[in-house]
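This report refers to the structure that appears directly beneath it.
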Amino acid sequence: MSEARQLVAEAFEVEQRGFDLRAGAAGALAALGPLAIGVAVDEPAIGITASLGGLNAALAVPLGVDLRRGLLWGLLAVFGGAASAALATLVAPSTVALVAATFVWTAVWSYLRAGGRTGALVAFVIAAQLVILAGLPSEGLGDTARGLWHLAGGALGLTLMIAACGFRSRSAGHFAATQPHGGTAALLEAGLATLRAAARDRRLATHALRLAGIVAATTLLYRELDLIHGYWVPVTILAVLQPAEHDSRVRAVQRAAGTFGGTAVVVAIVALTASEWTLVAFAAASAFFLYALRPRGYFWLVVLLTPTVPLMTSALDYQSVEIAIERAVNSAAGIAIGLGWGELMWRLPLHRRSA
């Protein structure tokens with residue numbers, strides 16, 4: 001019982017109090033501005049593609065670092081996400097190609113975890129873009145076009161979030177005081193050195209293979225079962241399964257509470273309206289609070305990301321309350337499969353030798 005209480009306490013811990021109005025406004029505009037334009041000109045597929053790029057690029061800008069470091073992480077998320085969008089469109093027609101691409105893509109980006117918490121988040125958003133966009137209709141967009149629209153949305157999101165963070169750092173001097181000095185070349189050199197060391201890290205390699213294997217397997221499963229929104233199963237596994245057993249359990253508690261709390265909000269909204277503009281407005285409000293409350297901890301990111309993304313995708317593929325219920329069921333399956341797979345793998349001799 002004491003272990004359970006500790007897990008809950010860690011899951012809901014408030015890391016930093018406050019409400020970041022500028023980040024909230026920048027994030028909402030980045031995530032929903034392109035979608036609003038797409039709906040207005042009757043191009044929702046372009047709008048959702050660009051909006052997902054903006055949403056994830058804005059999330060990738062780390063908190064509490066200097067602007068140069070934030071820009072580099074953001075650029076990696078922008079170009080990595082655009083590559084994910086193009087790749088997803090290319091391989092989506094073939095289940096075999098999608099499963100193979102998912103395995104390789106997830107494993108490769110998992111090594112960004114060597115960059116700490118920000119690296120783990122960027123790895124997640126890039127890999128998740130492949131999984132999500134392969135499950136959404138492209139509405140005739142080719143791989144190049146979809147990648148470019150994602151890139152444009154990501155560039156907008158990065159610009160807006162850097163501007164919001166930059167204004168804060170000049171007024172408070174926060175970022176400059178928390179990071180060591182060094183030029184861009186020095187940062188890139190340090191990053192490459194970290195990745196070279198990560199390539200020799202057996203624990204990280206074991207995690208990359210473990211994660212890639214189960215994400216690819218559940219991608220195959222939902223495609224074979226023809227689950228329309230089954231991509232939420234592998235996406236949830238991407239979010240939950242961590243290198244350490246304890247960390248995975250904490251993530252599972254956060255993901256479960258956030259998902260089902262956010263799902264209740266989505267059900268209430270989509271049961272009342274099918275209006276694209278109303279859905280966009282509610283998604284914008286959710287995105288605003290997502291970024292404004294992001295410093296408080298991972299739980300708030302999940303509980304607000306849960307309604308944001310389904311409301312965004314409902315503007316493209318409206319499913320009434322079904323999409324929210326399916327998201328909850330698929331997320332629950334992802335949590336159970338991810339933890340079950342992790343419990344099995346952590347007890348194998350290979351994992352114990354690499355730990």
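Labels used: A, B, ... for chains in the order of the structure tokens, numbers from 1 for residues in each chain, and numbers from 1 for ligands as shown.
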Give me, as a CSV table (one decimal) with N, CA and C atoms, in the first residue's frame, all polymer residues having an atom no more than 10 Å from Leu301 (chain A), counting only C-alpha atoms and skipping those fewer than 3 positions away in the same chain.
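Wrote it out as part_11.csv, contents follow:
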```csv
chain,number,residue,atom,x,y,z
A,59,LEU,N,5.6,21.9,-28.0
A,59,LEU,CA,5.8,21.0,-26.9
A,59,LEU,C,7.3,20.7,-26.7
A,254,GLN,N,-0.2,8.4,-14.3
A,254,GLN,CA,-0.5,9.7,-14.9
A,254,GLN,C,-1.3,9.6,-16.2
A,255,ARG,N,-1.0,8.6,-17.0
A,255,ARG,CA,-1.6,8.4,-18.3
A,255,ARG,C,-3.1,8.0,-18.1
A,258,GLY,N,-5.0,11.0,-16.5
A,258,GLY,CA,-5.2,12.1,-17.5
A,258,GLY,C,-6.1,11.7,-18.7
A,287,ALA,N,-5.8,23.5,-25.6
A,287,ALA,CA,-4.4,23.7,-25.9
A,287,ALA,C,-3.8,24.9,-25.1
A,289,PHE,N,-4.6,25.9,-22.1
A,289,PHE,CA,-4.3,25.5,-20.7
A,289,PHE,C,-3.2,24.4,-20.7
A,290,LEU,N,-3.1,23.6,-21.8
A,290,LEU,CA,-2.0,22.6,-21.9
A,290,LEU,C,-0.7,23.3,-21.7
A,291,TYR,N,-0.5,24.4,-22.5
A,291,TYR,CA,0.8,25.0,-22.5
A,291,TYR,C,1.0,26.0,-21.3
A,292,ALA,N,-0.1,26.6,-20.8
A,292,ALA,CA,0.0,27.5,-19.7
A,292,ALA,C,0.3,26.7,-18.4
A,293,LEU,N,-0.2,25.5,-18.3
A,293,LEU,CA,0.0,24.7,-17.1
A,293,LEU,C,1.1,23.6,-17.2
A,294,ARG,N,1.7,23.6,-18.4
A,294,ARG,CA,2.8,22.6,-18.6
A,294,ARG,C,3.9,22.5,-17.5
A,295,PRO,N,4.3,23.7,-17.0
A,295,PRO,CA,5.4,23.6,-16.0
A,295,PRO,C,5.0,22.9,-14.7
A,296,ARG,N,3.7,22.7,-14.5
A,296,ARG,CA,3.2,22.0,-13.2
A,296,ARG,C,3.6,20.6,-13.2
A,297,GLY,N,3.7,19.9,-14.4
A,297,GLY,CA,4.1,18.5,-14.3
A,297,GLY,C,3.5,17.7,-15.5
A,298,TYR,N,3.9,16.5,-15.6
A,298,TYR,CA,3.5,15.6,-16.7
A,298,TYR,C,2.0,15.3,-16.7
A,304,LEU,N,-4.6,17.4,-20.4
A,304,LEU,CA,-5.0,18.5,-21.3
A,304,LEU,C,-4.7,18.1,-22.8
A,305,LEU,N,-3.7,17.3,-23.0
A,305,LEU,CA,-3.4,16.8,-24.3
A,305,LEU,C,-4.5,15.8,-24.8
A,306,THR,N,-5.1,15.1,-23.8
A,306,THR,CA,-6.1,14.1,-24.2
A,306,THR,C,-7.3,14.7,-24.9
```
Exercise. Find the residues around Leu195 (chain A) up to 9 Å (only C-alpha atoms counted), leave out those fewer than 6 positions away in its own chain, and share them as a count of residues only.
Key: 4
Self-check item: Nearest candidate to Arg68 (chain A) (options A:Leu52, A:Leu188, A:Ala283, A:Leu160; using only C-alpha atoms)
Solution: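 Using only C-alpha atoms, Arg68 (chain A) sits closest to A:Leu188.
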Exercise. Could you tell me which of A:Ala57, A:Leu220, A:Val280, A:Leu311 comes closest to Val96 (chain A) if we count only C-alpha atoms?
Key: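 When distances to Val96 (chain A) are compared using only C-alpha atoms, the smallest one comes from A:Leu220.
Take the candidates A:Ser331, A:Thr159, A:Thr89, A:Ser248 and check each one against Leu72 (chain A) using only C-alpha atoms; the shortest distance goes to A:Thr159.
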Exercise. Tell me which protein, DNA and RNA residues are within 8 Å of Gly157 (chain A), counting only C-alpha atoms, leaving out same-chain ones fewer than 3 positions away, and put them as a list in words.
Key: Ala26, Gly27, Leu29, Ala30, Ala31, Gly53, Gly54, Leu55, Asn56, Ala57, Ala58, Gly153, Gly154, Leu160 and Met161 of chain A
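Counting only C-alpha atoms, region 221-226 of chain A has the following residues at most 10 Å away, ignoring those fewer than 2 positions along the same chain: Ser94, Thr95, Val96, Leu98, Val99, Gly135, Val215, Ala216, Ala217, Thr218, Thr219, Ile228, His229, Gly230, Tyr231, Trp232, Val233, Pro234 and Asn330 of chain A.
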Could you save those same residues with C-alpha atoms as a compact mmCIF listing (two decimals), in the first residue's frame?
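The file below, out-v3.txt, is the result:
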```txt
# COMPACT_ATOMS: atom_id res chain seq x y z
CA SER A 94 0.98 -1.32 -46.66
CA THR A 95 0.70 -2.93 -43.24
CA VAL A 96 4.06 -4.67 -43.66
CA LEU A 98 4.14 0.46 -41.75
CA VAL A 99 5.10 -2.12 -39.14
CA GLY A 135 -3.87 6.16 -38.78
CA VAL A 215 4.88 -0.56 -30.68
CA ALA A 216 5.37 -2.35 -34.00
CA ALA A 217 3.50 -5.43 -32.76
CA THR A 218 0.47 -3.43 -31.59
CA THR A 219 0.50 -1.50 -34.86
CA ILE A 228 -10.33 2.61 -36.99
CA HIS A 229 -8.70 4.49 -34.12
CA GLY A 230 -6.48 1.63 -32.99
CA TYR A 231 -3.37 3.76 -33.35
CA TRP A 232 -4.03 5.06 -29.80
CA VAL A 233 -2.84 1.68 -28.48
CA PRO A 234 0.78 2.04 -29.73
CA ASN A 330 -7.52 1.90 -26.69
```
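Residues lying within 7 Å of region 37-47 of chain A, counting only C-alpha atoms and ignoring same-chain neighbours fewer than 4 positions away, are Gly33, Ser51, Ser138, Glu139, Trp149 and Leu316 of chain A.
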Practice problem: Return as a ChimeraX atom specification the full set of residues in region 33-254 of chain A whose backbone-based DSSP assignment is alpha helix (DSSP H). | Solution: /A:33-40,44-60,67-91,95-110,116-135,143-172,174-178,184-199,202-224,232-240,245-254
Quiz prompt | Proximity to Leu75 (chain A) - best of A:Phe124, A:Ile325, A:Arg347, A:Ala155, only C-alpha atoms | solution =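 Of all the options, A:Ala155 lies closest to Leu75 (chain A).
Each of A:Val329, A:Trp300, A:His207, A:Trp346 was compared to Arg17 (chain A) using only C-alpha atoms, and A:Trp300 turns out to be the nearest.
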Just want the 12 Å neighbourhood of Gly213 (chain A), counted on only C-alpha atoms, with same-chain residues fewer than 4 positions away dropped. Output as a CSV table (one decimal) with N, CA and C atoms, in the first residue's frame.
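Written out: around-v9.csv:
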```csv
chain,number,residue,atom,x,y,z
A,99,VAL,N,4.6,-1.4,-40.3
A,99,VAL,CA,5.1,-2.1,-39.1
A,99,VAL,C,6.6,-2.0,-39.1
A,100,ALA,N,7.3,-2.3,-40.3
A,100,ALA,CA,8.7,-2.2,-40.4
A,100,ALA,C,9.2,-0.8,-40.1
A,101,ALA,N,8.6,0.2,-40.7
A,101,ALA,CA,9.0,1.6,-40.5
A,101,ALA,C,8.8,2.0,-39.0
A,102,THR,N,7.7,1.6,-38.4
A,102,THR,CA,7.4,1.9,-37.0
A,102,THR,C,8.5,1.3,-36.1
A,103,PHE,N,8.9,0.1,-36.4
A,103,PHE,CA,9.9,-0.5,-35.5
A,103,PHE,C,11.2,0.3,-35.6
A,104,VAL,N,11.7,0.5,-36.9
A,104,VAL,CA,13.0,1.2,-37.0
A,104,VAL,C,12.9,2.7,-36.5
A,105,TRP,N,11.8,3.4,-36.9
A,105,TRP,CA,11.7,4.8,-36.5
A,105,TRP,C,11.6,4.9,-35.0
A,106,THR,N,10.9,4.1,-34.3
A,106,THR,CA,10.8,4.1,-32.8
A,106,THR,C,12.1,3.8,-32.2
A,107,ALA,N,12.8,2.8,-32.6
A,107,ALA,CA,14.1,2.4,-32.1
A,107,ALA,C,15.1,3.5,-32.2
A,206,THR,N,18.6,-1.8,-25.0
A,206,THR,CA,17.6,-2.7,-24.6
A,206,THR,C,16.2,-2.1,-24.6
A,207,HIS,N,16.2,-0.9,-24.1
A,207,HIS,CA,14.9,-0.2,-24.0
A,207,HIS,C,14.4,0.1,-25.4
A,208,ALA,N,15.3,0.6,-26.3
A,208,ALA,CA,14.9,0.9,-27.7
A,208,ALA,C,14.3,-0.3,-28.4
A,209,LEU,N,14.9,-1.4,-28.2
A,209,LEU,CA,14.4,-2.6,-28.9
A,209,LEU,C,13.1,-3.1,-28.3
A,217,ALA,N,4.4,-4.3,-32.9
A,217,ALA,CA,3.5,-5.4,-32.8
A,217,ALA,C,2.1,-5.0,-32.6
A,218,THR,N,1.8,-3.9,-31.8
A,218,THR,CA,0.5,-3.4,-31.6
A,218,THR,C,0.0,-2.7,-32.8
A,219,THR,N,0.9,-2.1,-33.6
A,219,THR,CA,0.5,-1.5,-34.9
A,219,THR,C,0.0,-2.6,-35.8
A,220,LEU,N,0.7,-3.7,-35.9
A,220,LEU,CA,0.2,-4.8,-36.7
A,220,LEU,C,-1.1,-5.3,-36.2
A,234,PRO,N,-0.7,1.8,-29.7
A,234,PRO,CA,0.8,2.0,-29.7
A,234,PRO,C,1.2,3.4,-29.3
A,237,ILE,N,1.4,3.2,-25.5
A,237,ILE,CA,2.6,2.5,-25.1
A,237,ILE,C,3.9,3.3,-25.2
A,238,LEU,N,3.9,4.1,-26.3
A,238,LEU,CA,5.1,5.1,-26.5
A,238,LEU,C,5.2,6.0,-25.3
A,241,LEU,N,5.7,3.3,-21.6
A,241,LEU,CA,6.9,2.4,-21.4
A,241,LEU,C,8.2,3.2,-21.3
A,338,GLY,N,1.5,-2.2,-22.5
A,338,GLY,CA,2.8,-1.7,-22.2
A,338,GLY,C,3.4,-2.1,-20.9
A,341,TRP,N,4.1,-6.0,-21.0
A,341,TRP,CA,5.3,-6.3,-21.8
A,341,TRP,C,6.6,-5.9,-21.0
A,342,GLY,N,6.5,-4.7,-20.4
A,342,GLY,CA,7.6,-4.3,-19.6
A,342,GLY,C,7.9,-5.2,-18.4
A,345,MET,N,9.7,-8.2,-19.8
A,345,MET,CA,11.1,-7.9,-20.3
A,345,MET,C,12.0,-7.6,-19.2
```
Quiz prompt | Residue nearest Val250 (chain A) - candidates A:Val14, A:Phe299, A:Leu63, A:Trp277, atoms counted: only C-alpha atoms | solution =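 Of the candidates, the smallest distance to Val250 (chain A) is held by A:Phe299.
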Quiz item: When you draw a straight line from CA of Thr278 (chain A) to CA of Leu21 (chain A), how long is it in Å?
Solution: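 Going from CA of Thr278 (chain A) over to CA of Leu21 (chain A), I get 22.4 Å.
The residue set within 10 Å of Ala83 (chain A), counting only C-alpha atoms and dropping same-chain residues fewer than 5 places from it, reads Ala77, Val78, Ala88, Ile126, Gln129, Leu130, Asp143, Thr144, Arg146, Gly147, Leu148, His150 and Leu151 of chain A.
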Residues from the last selection, N, CA and C atoms, saved as a compact mmCIF listing (two decimals), in the first residue's frame:
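What landed in part_19.txt:
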```txt
# COMPACT_ATOMS: atom_id res chain seq x y z
N ALA A 77 12.66 18.65 -33.46
CA ALA A 77 11.27 18.19 -33.46
C ALA A 77 10.55 18.58 -34.75
N VAL A 78 10.83 19.77 -35.27
CA VAL A 78 10.18 20.24 -36.49
C VAL A 78 10.54 19.34 -37.67
N ALA A 88 4.88 8.42 -42.78
CA ALA A 88 3.58 7.82 -42.47
C ALA A 88 2.71 7.72 -43.71
N ILE A 126 8.12 12.72 -31.99
CA ILE A 126 8.49 12.36 -33.36
C ILE A 126 7.96 10.97 -33.71
N GLN A 129 4.15 10.93 -34.08
CA GLN A 129 3.63 11.50 -35.33
C GLN A 129 3.50 10.44 -36.41
N LEU A 130 4.46 9.55 -36.49
CA LEU A 130 4.38 8.47 -37.48
C LEU A 130 3.16 7.59 -37.20
N ASP A 143 3.01 12.07 -49.85
CA ASP A 143 3.97 12.10 -48.76
C ASP A 143 4.76 13.41 -48.71
N THR A 144 5.16 13.93 -49.87
CA THR A 144 5.92 15.18 -49.89
C THR A 144 5.07 16.35 -49.41
N ARG A 146 2.37 16.29 -47.54
CA ARG A 146 2.03 16.16 -46.13
C ARG A 146 3.22 16.52 -45.24
N GLY A 147 4.40 16.10 -45.67
CA GLY A 147 5.60 16.45 -44.92
C GLY A 147 5.86 17.94 -44.91
N LEU A 148 5.63 18.60 -46.05
CA LEU A 148 5.87 20.05 -46.13
C LEU A 148 4.86 20.83 -45.31
N HIS A 150 3.33 19.72 -42.65
CA HIS A 150 3.73 19.46 -41.26
C HIS A 150 4.91 20.34 -40.88
N LEU A 151 5.86 20.46 -41.80
CA LEU A 151 7.04 21.30 -41.58
C LEU A 151 6.64 22.76 -41.37
```
